[in-house]
Amino acid sequence: IVDSTIENNSTSGVDSDGGGLLANATRTVISRSTFSGNQTSGLRSDGGALSAMNGALVVSQTTISGNHVQGVDAVGGGIHCDVLPGANTPEFGCLISQSTIVLNSAAQAAGGGIASPLSIDLRNSIVARNSTPGFQFNNTLVLGTDIWQKFEAPLTATASLIGRSNDTTLIPTGGTPNASGNLIGGLTAGSAIDPLLSPLANNGGPTRTHLPTPA
């Protein structure tokens, strides 16, 4: 998927993943595109913008903004990556580079921006200002406001901004980048880092984006 806008789509019904896109058993590559206003409403219907099952997901130079999962136990307001037990797939995981994942939500569960039990690799990206109320998972309250790193799957970040670090293995940095060039917010709303982005708009590229605003 290249230079495309996928917006205002929805699914309903139990296990109806991928409000904007459901990819299964394939390597999915998305570049210079925007997903906005997509949603799922059913029980366990994961991935408001997109859900990648049983395969690798590669996202670059893409905006994922204002997508939602509304149902009970539905996770990943923006992106959901997962693999089913016994799936025969040569590669899986989630690589996100030069992308913006903001203002997405999981209304009754976790993983406002991203939810995945698979490896997540963030490069030069923003994942912030997403929201969740949290839910009980294995007798523990899970929020994963921006990222739910389910089962503490491998998560690496380079030169990225993550608004809140709850339910990840990331260590908050405060206002000073760490050795990998990341700015990572704390566990609470009061310690979150705001990327200070303008509203989604036409800014000269193939799709709508969020421009940075002055501090």
# chains A, B, ... in the order shown; residues from 1 in each chain; ligands from 1
$ residues_around --residues "stretch 24-31 of chain A" --least-positions-apart "5" --cutoff "6 Å" --atoms "only C-alpha atoms" --output "JSON, numbers by chain"
{"A": [1, 2, 53, 54, 55, 56, 57, 58, 59, 60, 61, 62]}
$ residues_around --residues "A:Ile171" --least-positions-apart "3" --cutoff "8 Å" --atoms "only C-alpha atoms" --output "PDB file with C-alpha atoms, in the first residue's frame"
ATOM      1  CA  SER A 165       5.719   3.895  28.730  1.00  0.00           C
ATOM      2  CA  ILE A 184      10.137   8.294  26.497  1.00  0.00           C
ATOM      3  CA  GLY A 186       6.524   8.080  32.199  1.00  0.00           C
TER       4      GLY A 186
END
$ residues_around --residues "A:Val75" --least-positions-apart "3" --cutoff "12 Å" --atoms "only C-alpha atoms" --output "PyMOL selection string"
chain A and resi 15-19+39-51+67-72+78-82+104-117+131-135+137+142-150
$ residues_around --residues "A:Ser36" --least-positions-apart "4" --cutoff "6 Å" --atoms "only C-alpha atoms" --output "JSON, numbers by chain"
{"A": [7, 65, 66, 67]}
$ residues_around --residues "A:Ile64" --least-positions-apart "4" --cutoff "6 Å" --atoms "only C-alpha atoms" --output "PyMOL selection string"
chain A and resi 34-35+101
$ closest_residue --among "A:Arg129, A:Pro214, A:Pro206, A:Gly185" --to "A:Ser33" --atoms "only C-alpha atoms"
A:Pro206
$ select_by_dssp --residues "stretch 18-158 of chain A" --states "strand (DSSP E)" --output "MDAnalysis selection string"
chainID A and resid 21:24 28:31 34:36 39:40 50:53 56:60 63:65 68:69 79:82 93:97 100:102 105:106 114:116 120:123 126:128 135:137 140:142 147:149 155:158
$ select_by_dssp --residues "chain A" --states "helix (DSSP H, G or I)" --output "list in words"
Lys150, Phe151, Glu152, Ala189, Gly190 and Ser191 of chain A
$ write_last_selection --atoms "N, CA and C atoms" --output "PDB file, in the first residue's frame"
ATOM      1  N   LYS A 150       2.553  -6.916  24.923  1.00  0.00           N
ATOM      2  CA  LYS A 150       1.942  -8.105  25.525  1.00  0.00           C
ATOM      3  C   LYS A 150       2.984  -9.203  25.730  1.00  0.00           C
ATOM      4  N   PHE A 151       2.970  -9.791  26.913  1.00  0.00           N
ATOM      5  CA  PHE A 151       3.925 -10.836  27.291  1.00  0.00           C
ATOM      6  C   PHE A 151       5.368 -10.346  27.227  1.00  0.00           C
ATOM      7  N   GLU A 152       5.544  -9.013  27.308  1.00  0.00           N
ATOM      8  CA  GLU A 152       6.886  -8.408  27.240  1.00  0.00           C
ATOM      9  C   GLU A 152       7.660  -8.900  26.016  1.00  0.00           C
ATOM     10  N   ALA A 189      -0.334  10.011  33.175  1.00  0.00           N
ATOM     11  CA  ALA A 189      -0.665  11.117  32.264  1.00  0.00           C
ATOM     12  C   ALA A 189       0.155  12.355  32.587  1.00  0.00           C
ATOM     13  N   GLY A 190       0.431  12.570  33.863  1.00  0.00           N
ATOM     14  CA  GLY A 190       1.202  13.743  34.258  1.00  0.00           C
ATOM     15  C   GLY A 190       2.652  13.705  33.818  1.00  0.00           C
ATOM     16  N   SER A 191       3.178  12.509  33.545  1.00  0.00           N
ATOM     17  CA  SER A 191       4.577  12.385  33.113  1.00  0.00           C
ATOM     18  C   SER A 191       4.697  12.034  31.631  1.00  0.00           C
TER      19      SER A 191
END
$ closest_residue --among "A:Leu155, A:Leu183, A:Val14, A:Leu122" --to "A:Leu95" --atoms "only C-alpha atoms"
A:Leu122
$ closest_residue --among "A:Thr188, A:Ser97, A:Thr213, A:Asp73" --to "A:Gln136" --atoms "only C-alpha atoms"
A:Asp73
$ closest_residue --among "A:Leu211, A:Thr158, A:Ile126, A:Gly205" --to "A:Ser4" --atoms "only C-alpha atoms"
A:Gly205
$ residues_around --residues "A:Arg123" --least-positions-apart "3" --cutoff "7 Å" --atoms "only C-alpha atoms" --output "number ranges by chain"
A: 96-98, 157-160
$ write_last_selection --atoms "N, CA and C atoms" --output "PDB file, in the first residue's frame"
ATOM      1  N   ILE A  96       8.161  -0.315  12.398  1.00  0.00           N
ATOM      2  CA  ILE A  96       7.543   0.983  12.137  1.00  0.00           C
ATOM      3  C   ILE A  96       8.645   2.028  12.073  1.00  0.00           C
ATOM      4  N   SER A  97       8.731   2.727  10.939  1.00  0.00           N
ATOM      5  CA  SER A  97       9.778   3.732  10.789  1.00  0.00           C
ATOM      6  C   SER A  97       9.202   5.024  10.211  1.00  0.00           C
ATOM      7  N   GLN A  98       9.724   6.142  10.670  1.00  0.00           N
ATOM      8  CA  GLN A  98       9.363   7.468  10.161  1.00  0.00           C
ATOM      9  C   GLN A  98       7.845   7.654  10.102  1.00  0.00           C
ATOM     10  N   ALA A 157      13.481   0.655  20.301  1.00  0.00           N
ATOM     11  CA  ALA A 157      13.152   1.983  19.800  1.00  0.00           C
ATOM     12  C   ALA A 157      14.436   2.758  19.540  1.00  0.00           C
ATOM     13  N   THR A 158      14.447   3.468  18.419  1.00  0.00           N
ATOM     14  CA  THR A 158      15.601   4.288  18.042  1.00  0.00           C
ATOM     15  C   THR A 158      15.105   5.634  17.537  1.00  0.00           C
ATOM     16  N   ALA A 159      15.635   6.717  18.098  1.00  0.00           N
ATOM     17  CA  ALA A 159      15.292   8.072  17.656  1.00  0.00           C
ATOM     18  C   ALA A 159      13.789   8.283  17.558  1.00  0.00           C
ATOM     19  N   SER A 160      13.060   7.832  18.574  1.00  0.00           N
ATOM     20  CA  SER A 160      11.602   7.892  18.565  1.00  0.00           C
ATOM     21  C   SER A 160      11.082   8.607  19.814  1.00  0.00           C
TER      22      SER A 160
END
$ closest_residue --among "A:Ser12, A:Thr5, A:Asn139, A:Ser125" --to "A:Gly163" --atoms "only C-alpha atoms"
A:Ser125
$ residues_around --residues "A:Thr209" --least-positions-apart "5" --cutoff "7 Å" --atoms "only C-alpha atoms" --output "PDB file with N, CA, C and O atoms, in the first residue's frame"
ATOM      1  N   THR A  63       0.980   7.864   8.591  1.00  0.00           N
ATOM      2  CA  THR A  63       0.268   8.460   9.716  1.00  0.00           C
ATOM      3  C   THR A  63      -0.922   7.583  10.075  1.00  0.00           C
ATOM      4  O   THR A  63      -1.736   7.238   9.218  1.00  0.00           O
ATOM      5  N   LEU A 200      -4.516  16.964  11.957  1.00  0.00           N
ATOM      6  CA  LEU A 200      -4.341  16.275  10.680  1.00  0.00           C
ATOM      7  C   LEU A 200      -4.807  17.188   9.543  1.00  0.00           C
ATOM      8  O   LEU A 200      -5.915  17.724   9.577  1.00  0.00           O
ATOM      9  N   ALA A 201      -3.941  17.388   8.554  1.00  0.00           N
ATOM     10  CA  ALA A 201      -4.251  18.357   7.489  1.00  0.00           C
ATOM     11  C   ALA A 201      -3.445  18.032   6.238  1.00  0.00           C
ATOM     12  O   ALA A 201      -2.499  17.236   6.262  1.00  0.00           O
ATOM     13  N   ASN A 202      -3.836  18.664   5.146  1.00  0.00           N
ATOM     14  CA  ASN A 202      -3.060  18.565   3.912  1.00  0.00           C
ATOM     15  C   ASN A 202      -1.849  19.484   4.027  1.00  0.00           C
ATOM     16  O   ASN A 202      -1.973  20.707   4.061  1.00  0.00           O
ATOM     17  N   ASN A 203      -0.670  18.891   4.066  1.00  0.00           N
ATOM     18  CA  ASN A 203       0.559  19.658   4.255  1.00  0.00           C
ATOM     19  C   ASN A 203       1.533  19.511   3.087  1.00  0.00           C
ATOM     20  O   ASN A 203       2.731  19.699   3.236  1.00  0.00           O
TER      21      ASN A 203
END
